[in-house]
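The data block below is run-v5.txt; it holds compact mmCIF, C-alpha atoms.
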```
# COMPACT_ATOMS: atom_id res chain seq x y z
CA MET I 1 19.05 184.40 59.54
CA ALA I 2 20.32 186.47 56.64
CA GLU I 3 18.07 187.68 53.85
CA PRO I 4 18.33 185.99 50.43
CA PHE I 5 21.21 187.54 48.48
CA SER I 6 21.17 185.92 45.06
CA GLU I 7 19.31 186.98 41.94
CA SER I 8 19.21 183.31 40.89
CA TRP I 9 16.26 181.65 42.60
CA PHE I 10 15.09 178.05 42.13
CA TYR I 11 12.34 175.72 43.31
CA ALA I 12 13.73 172.60 44.98
CA PRO I 13 10.91 170.70 46.75
CA ASP I 14 13.16 167.89 48.05
CA LEU I 15 15.31 170.15 50.24
CA GLU I 16 14.52 169.81 53.94
CA SER I 17 17.80 170.72 55.67
CA PRO I 18 21.43 171.65 54.90
CA GLY I 19 23.19 168.73 53.27
CA ASP I 20 20.21 167.70 51.13
CA ARG I 21 20.52 167.69 47.34
CA PHE I 22 18.03 168.22 44.53
CA ARG I 23 18.59 167.45 40.84
CA LEU I 24 17.18 170.20 38.64
CA PRO I 25 14.81 169.20 35.83
CA ASP I 26 16.61 169.30 32.48
CA GLU I 27 14.93 172.52 31.35
CA GLU I 28 15.89 174.22 34.60
CA ALA I 29 19.49 173.05 34.24
CA HIS I 30 19.51 174.42 30.69
CA HIS I 31 18.12 177.74 31.96
CA LEU I 32 20.81 177.90 34.63
CA ARG I 33 23.64 177.32 32.15
CA LYS I 34 22.45 179.00 28.95
CA VAL I 35 20.21 181.84 30.15
CA LEU I 36 21.60 182.75 33.57
CA ARG I 37 25.11 181.75 32.39
CA LEU I 38 25.96 180.26 35.77
CA ARG I 39 28.78 177.78 36.14
CA VAL I 40 28.86 174.70 38.30
CA GLY I 41 30.29 175.69 41.67
CA GLU I 42 28.40 178.99 41.93
CA SER I 43 25.93 179.78 44.69
CA VAL I 44 22.18 180.15 44.16
CA ILE I 45 19.08 180.37 46.34
CA ALA I 46 16.39 177.67 46.43
CA SER I 47 13.00 177.49 48.12
CA ASN I 48 11.35 174.18 48.90
CA GLY I 49 7.93 175.82 48.51
CA ARG I 50 7.02 175.00 52.12
CA GLY I 51 8.48 178.03 53.84
CA THR I 52 12.20 177.26 53.89
CA VAL I 53 14.87 178.92 51.75
CA PHE I 54 18.44 177.64 51.36
CA ALA I 55 21.75 178.90 50.04
CA CYS I 56 22.88 176.19 47.63
CA MET I 57 25.96 175.24 45.64
CA THR I 58 25.49 174.04 42.06
CA ARG I 59 27.14 170.70 41.26
CA ASP I 60 27.55 168.36 38.28
CA ALA I 61 25.12 165.42 38.37
CA LYS I 62 25.80 162.92 35.56
CA GLY I 63 25.09 165.30 32.72
CA GLY I 64 22.73 167.46 34.72
CA VAL I 65 22.89 169.93 37.57
CA GLU I 66 21.98 169.43 41.21
CA LEU I 67 21.62 171.89 44.04
CA ALA I 68 23.37 171.07 47.30
CA ALA I 69 21.82 172.89 50.27
CA GLU I 70 24.62 174.49 52.30
CA SER I 71 22.87 176.73 54.80
CA LEU I 72 19.49 178.02 55.88
CA VAL I 73 18.75 181.50 54.56
CA SER I 74 15.26 182.10 55.89
CA GLN I 75 12.25 180.26 57.23
CA ALA I 76 8.59 181.28 57.18
CA PRO I 77 6.83 178.60 59.24
CA GLU I 78 3.40 180.18 58.87
CA ALA I 79 1.85 179.54 55.45
CA PRO I 80 -0.13 182.29 53.67
CA ARG I 81 -3.77 182.40 54.79
CA LEU I 82 -5.47 183.69 51.62
CA SER I 83 -6.76 181.39 48.89
CA LEU I 84 -8.79 182.04 45.74
CA VAL I 85 -11.46 180.00 44.03
CA LEU I 86 -11.75 180.91 40.34
CA GLY I 87 -14.58 179.85 38.06
CA LEU I 88 -13.35 177.80 35.11
CA LEU I 89 -12.95 179.98 32.00
CA LYS I 90 -12.75 179.12 28.33
CA GLY I 91 -9.49 178.21 26.67
CA ARG I 92 -6.43 179.67 28.33
CA ASP I 93 -8.15 182.67 29.94
CA LEU I 94 -7.30 181.49 33.46
CA GLU I 95 -3.58 181.70 32.77
CA GLU I 96 -3.44 185.50 32.97
CA PRO I 97 -4.89 185.90 36.49
CA VAL I 98 -3.02 182.85 37.82
CA ASP I 99 0.25 184.21 36.41
CA ALA I 100 -0.26 187.43 38.38
CA LEU I 101 -1.69 185.92 41.56
CA CYS I 102 1.11 183.38 42.00
CA GLN I 103 3.57 186.22 42.52
CA LEU I 104 1.71 187.14 45.72
CA GLY I 105 1.63 185.45 49.09
CA ILE I 106 -1.35 183.25 48.29
CA ALA I 107 -1.79 179.78 49.75
CA GLY I 108 -3.76 178.20 46.95
CA ILE I 109 -5.82 178.75 43.82
CA ALA I 110 -8.65 176.33 43.15
CA VAL I 111 -10.39 176.10 39.78
CA ALA I 112 -14.12 175.48 40.13
CA ALA I 113 -16.53 174.10 37.53
CA THR I 114 -19.67 176.21 38.06
CA ASP I 115 -23.18 176.29 36.62
CA HIS I 116 -22.16 179.05 34.17
CA THR I 117 -18.85 177.50 33.17
CA GLN I 118 -18.27 177.52 29.42
CA ALA I 119 -15.65 175.33 27.80
CA PHE I 120 -14.46 174.68 24.27
CA LYS I 121 -15.41 171.30 22.91
CA GLY I 122 -12.65 168.85 23.76
CA GLN I 123 -10.88 171.30 26.08
CA ASP I 124 -8.10 169.47 27.93
CA HIS I 125 -8.43 170.51 31.56
CA ALA I 126 -5.55 168.28 32.63
CA ARG I 127 -3.19 170.20 30.34
CA LEU I 128 -4.61 173.49 31.61
CA MET I 129 -3.90 172.54 35.23
CA GLU I 130 -0.39 171.46 34.25
CA ARG I 131 0.25 174.90 32.73
CA LEU I 132 -1.18 176.66 35.79
CA ARG I 133 1.07 174.66 38.13
CA ALA I 134 4.06 175.56 35.98
CA LYS I 135 3.08 179.22 36.30
CA SER I 136 2.95 178.84 40.07
CA ILE I 137 6.56 177.63 40.09
CA VAL I 138 7.60 180.53 37.85
CA GLY I 139 5.81 182.93 40.21
CA LEU I 140 7.68 181.53 43.21
CA LYS I 141 11.02 182.09 41.49
CA GLN I 142 10.18 185.53 40.09
CA ALA I 143 8.79 186.86 43.36
CA LYS I 144 11.38 185.02 45.51
CA LYS I 145 8.75 183.39 47.68
CA ALA I 146 9.22 180.85 50.44
CA TRP I 147 5.80 179.26 49.87
CA LEU I 148 4.55 177.80 46.59
CA THR I 149 0.95 178.64 45.67
CA ARG I 150 -0.94 175.34 45.41
CA ILE I 151 -3.10 174.81 42.31
CA ASP I 152 -6.15 172.51 42.62
CA GLY I 153 -9.10 171.42 40.49
CA PRO I 154 -11.13 171.58 38.50
CA GLU I 155 -13.88 170.54 40.88
CA SER I 156 -17.30 171.71 42.03
CA LEU I 157 -17.73 174.45 44.61
CA GLU I 158 -19.31 171.90 46.93
CA ALA I 159 -16.36 169.50 46.63
CA TRP I 160 -13.88 172.31 47.28
CA ARG I 161 -15.87 173.45 50.32
CA GLU I 162 -15.95 169.94 51.73
CA ARG I 163 -12.14 169.97 51.82
CA ASN I 164 -11.93 173.50 53.23
CA ARG I 165 -14.53 173.70 55.99
CA ASP I 166 -12.39 175.94 58.22
CA MET I 167 -12.04 178.82 55.75
CA HIS I 168 -14.07 182.02 55.64
CA LEU I 169 -15.71 182.40 52.21
CA VAL I 170 -15.71 185.87 50.65
CA MET I 171 -17.66 186.18 47.41
CA LEU I 172 -16.82 188.94 44.93
CA HIS I 173 -20.19 190.61 44.50
CA PRO I 174 -21.43 194.18 43.82
CA GLY I 175 -22.44 196.23 46.83
CA GLU I 176 -21.10 197.07 50.25
CA ASP I 177 -18.37 194.97 51.83
CA HIS I 178 -19.31 192.46 54.49
CA LEU I 179 -15.99 190.92 55.54
CA PRO I 180 -14.94 188.44 58.21
CA GLY I 181 -13.06 189.58 61.28
CA THR I 182 -9.30 189.27 61.53
CA ASP I 183 -9.34 186.16 63.70
CA GLY I 184 -6.37 184.50 62.04
CA ALA I 185 -8.47 181.97 60.14
CA GLY I 186 -7.88 181.43 56.45
CA ALA I 187 -10.07 183.12 53.88
CA ALA I 188 -10.95 182.29 50.28
CA LEU I 189 -12.02 184.87 47.71
CA LEU I 190 -14.62 183.38 45.34
CA CYS I 191 -14.69 184.70 41.77
CA GLY I 192 -17.30 183.32 39.39
CA PRO I 193 -16.92 182.76 35.64
CA GLU I 194 -18.15 185.19 32.98
CA GLY I 195 -21.80 185.69 33.90
CA GLY I 196 -21.17 185.14 37.60
CA PHE I 197 -22.62 182.51 39.89
CA SER I 198 -26.05 181.04 39.21
CA GLY I 199 -29.06 181.61 41.46
CA ARG I 200 -28.67 178.09 42.81
CA GLU I 201 -25.00 178.72 43.65
CA LEU I 202 -25.75 182.06 45.27
CA ALA I 203 -28.35 180.42 47.51
CA TRP I 204 -25.89 177.68 48.43
CA LEU I 205 -23.15 180.20 49.17
CA GLU I 206 -25.53 182.12 51.43
CA SER I 207 -26.23 178.88 53.29
CA GLN I 208 -22.48 178.58 53.90
CA GLY I 209 -22.34 181.94 55.66
CA THR I 210 -20.43 183.53 52.79
CA TYR I 211 -19.21 187.12 53.18
CA ARG I 212 -19.12 189.64 50.32
CA MET I 213 -16.60 192.07 48.87
CA GLY I 214 -17.29 194.63 46.16
CA LEU I 215 -14.86 195.78 43.47
CA GLY I 216 -16.34 199.15 42.59
CA SER I 217 -19.10 200.31 40.27
CA THR I 218 -17.62 199.10 36.97
CA ARG I 219 -18.12 195.59 35.63
CA LEU I 220 -14.86 193.65 35.49
CA ARG I 221 -14.10 190.62 33.35
CA ALA I 222 -13.41 187.36 35.13
CA VAL I 223 -9.74 187.48 34.06
CA LEU I 224 -9.24 190.80 35.87
CA ALA I 225 -11.57 190.59 38.89
CA PRO I 226 -9.43 188.18 40.98
CA ILE I 227 -6.33 190.32 40.48
CA VAL I 228 -8.19 193.45 41.60
CA ALA I 229 -9.67 191.51 44.52
CA ALA I 230 -6.25 190.36 45.73
CA GLY I 231 -5.01 193.94 45.43
CA LYS I 232 -7.92 195.22 47.52
CA TRP I 233 -7.34 192.48 50.12
CA MET I 234 -3.70 193.55 50.26
CA GLY I 235 -4.72 197.20 50.61
CA LEU I 236 -6.87 196.24 53.57
CA GLY I 237 -3.76 194.82 55.22
CA ARG I 238 -5.04 191.24 55.15
CA LEU I 239 -2.60 189.60 52.74
CA ALA I 240 0.08 187.88 54.82
```
If you convert what's in this file into structure tokens, what do you get?
Amino acid sequence: MAEPFSESWFYAPDLESPGDRFRLPDEEAHHLRKVLRLRVGESVIASNGRGTVFACMTRDAKGGVELAAESLVSQAPEAPRLSLVLGLLKGRDLEEPVDALCQLGIAGIAVAATDHTQAFKGQDHARLMERLRAKSIVGLKQAKKAWLTRIDGPESLEAWRERNRDMHLVMLHPGEDHLPGTDGAGAALLCGPEGGFSGRELAWLESQGTYRMGLGSTRLRAVLAPIVAAGKWMGLGRLA
């Protein structure tokens, strides 16, 4: 299969095979026409976020724009194996690391409410998650990815673990690295909030057989640590 050739990349979750069609959300149709200055009848690339990328033709759709899948461009049947669990931060502080991480080959980012979580009074977590999911879609298009990074939460560490029993846990913690072997299983990097994990959480993580990975001798803020961690994981040749 040929490599993607277009600079114009879209997210079209309904596309499963050539011949399928997907109507773009109004804001995406506006972006196509007014920002990218594309005309109906031009070719673009679209990923369904589940590993398959299509060459598509743009078509009129009753005042909007739809993408008609014409041919398969590429297929990545194996999903990324790295996930991250990020402690819930105040305000919009999570948006910066998620914006960066969603440009990488990361399976999912889960937001965890931890013992040291701090939140503004009346903070709307539903709106926060909506913004983070929007950033994941932007990251897919910017980085031209076949797989969309899933955004989950907020939930407790225990609830997240219950749904992800088969993953190796790797806590970001000062000291020497103690990493899992490269057995093909998925791994999740755990990054606490400002102030780190509580003593209770550390004991629980130890009971789960959690591994550890250090990020150097300097103290990093929680908005930066997960980005550095993903970079180190990539440097170790573990980021698929």
Within 8 Å of (21.1, 180.0, 51.6), all atoms listed in the file: residues as a ChimeraX atom specification? /I:4,44-46,53-56,69-74
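Nearest residue to I:Arg133 among I:Ala29, I:Leu148, I:Met234, I:Leu157 is I:Leu148, counting all atoms listed in the file.
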Shortest contact to I:Pro13, candidates I:Pro80, I:Leu86, I:Ala146, I:Asp115, atoms counted all atoms listed in the file, goes to I:Ala146
Counting all atoms listed in the file, the residue among I:Pro97, I:Gly153, I:Pro174, I:Gly108 that lies closest to I:Leu84 is I:Gly108
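In this model, the gap between atom CA of I:Asp99 and atom CA of I:Val170 comes to 21.5 Å.
If you look at atom CA of I:Leu220 and atom CA of I:Ala113, they are 19.7 Å away from each other.
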Within 12 Å of stretch 32-36 of chain I: each stretch 48-97 of chain I residue with its shortest pair, all atoms listed in the file, as JSON lines:
```
{"residue": "I:Thr58", "atom": "CA", "partner": "I:Leu32", "partner_atom": "CA", "distance": 9.6}
{"residue": "I:Arg59", "atom": "CA", "partner": "I:Leu32", "partner_atom": "CA", "distance": 11.7}
{"residue": "I:Asp60", "atom": "CA", "partner": "I:Arg33", "partner_atom": "CA", "distance": 11.5}
{"residue": "I:Gly64", "atom": "CA", "partner": "I:Arg33", "partner_atom": "CA", "distance": 10.2}
{"residue": "I:Val65", "atom": "CA", "partner": "I:Leu32", "partner_atom": "CA", "distance": 8.7}
{"residue": "I:Glu66", "atom": "CA", "partner": "I:Leu32", "partner_atom": "CA", "distance": 10.8}
{"residue": "I:Leu67", "atom": "CA", "partner": "I:Leu32", "partner_atom": "CA", "distance": 11.2}
```
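Interatomic distance, atom CA of I:Glu194 to atom CA of I:Gly105: 25.5 Å.
Considering all atoms listed in the file, the residue among I:Arg150, I:His116, I:Lys144, I:His125 positioned nearest to I:Gly192 is I:His116.
Among the candidates I:Gly87, I:Gly237, I:Gly41, I:Gly49, the residue lying nearest to I:Thr182 is I:Gly237 (atoms considered: all atoms listed in the file).
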Compile the contact shell of I:Arg221 as a VMD selection string: residues with an atom at most 9 Å away, counting only C-alpha atoms, same-chain residues fewer than 2 positions apart removed. chain I and resid 193 to 194 219 223 to 225
Determine the nearest neighbour of I:Asp20 from the options I:Leu179, I:Ile109, I:Met57, I:Ile151, counting all atoms listed in the file. I:Met57
Around all of stretch 27-41 of chain I's listed atoms, make the axis-aligned box with 8 Å on each side and tell me centre and edge lengths in Å to one decimal, as lines of an AutoDock Vina configuration file.
```
center_x = 22.6
center_y = 177.6
center_z = 35.3
size_x = 31.4
size_y = 26.2
size_z = 28.7
```
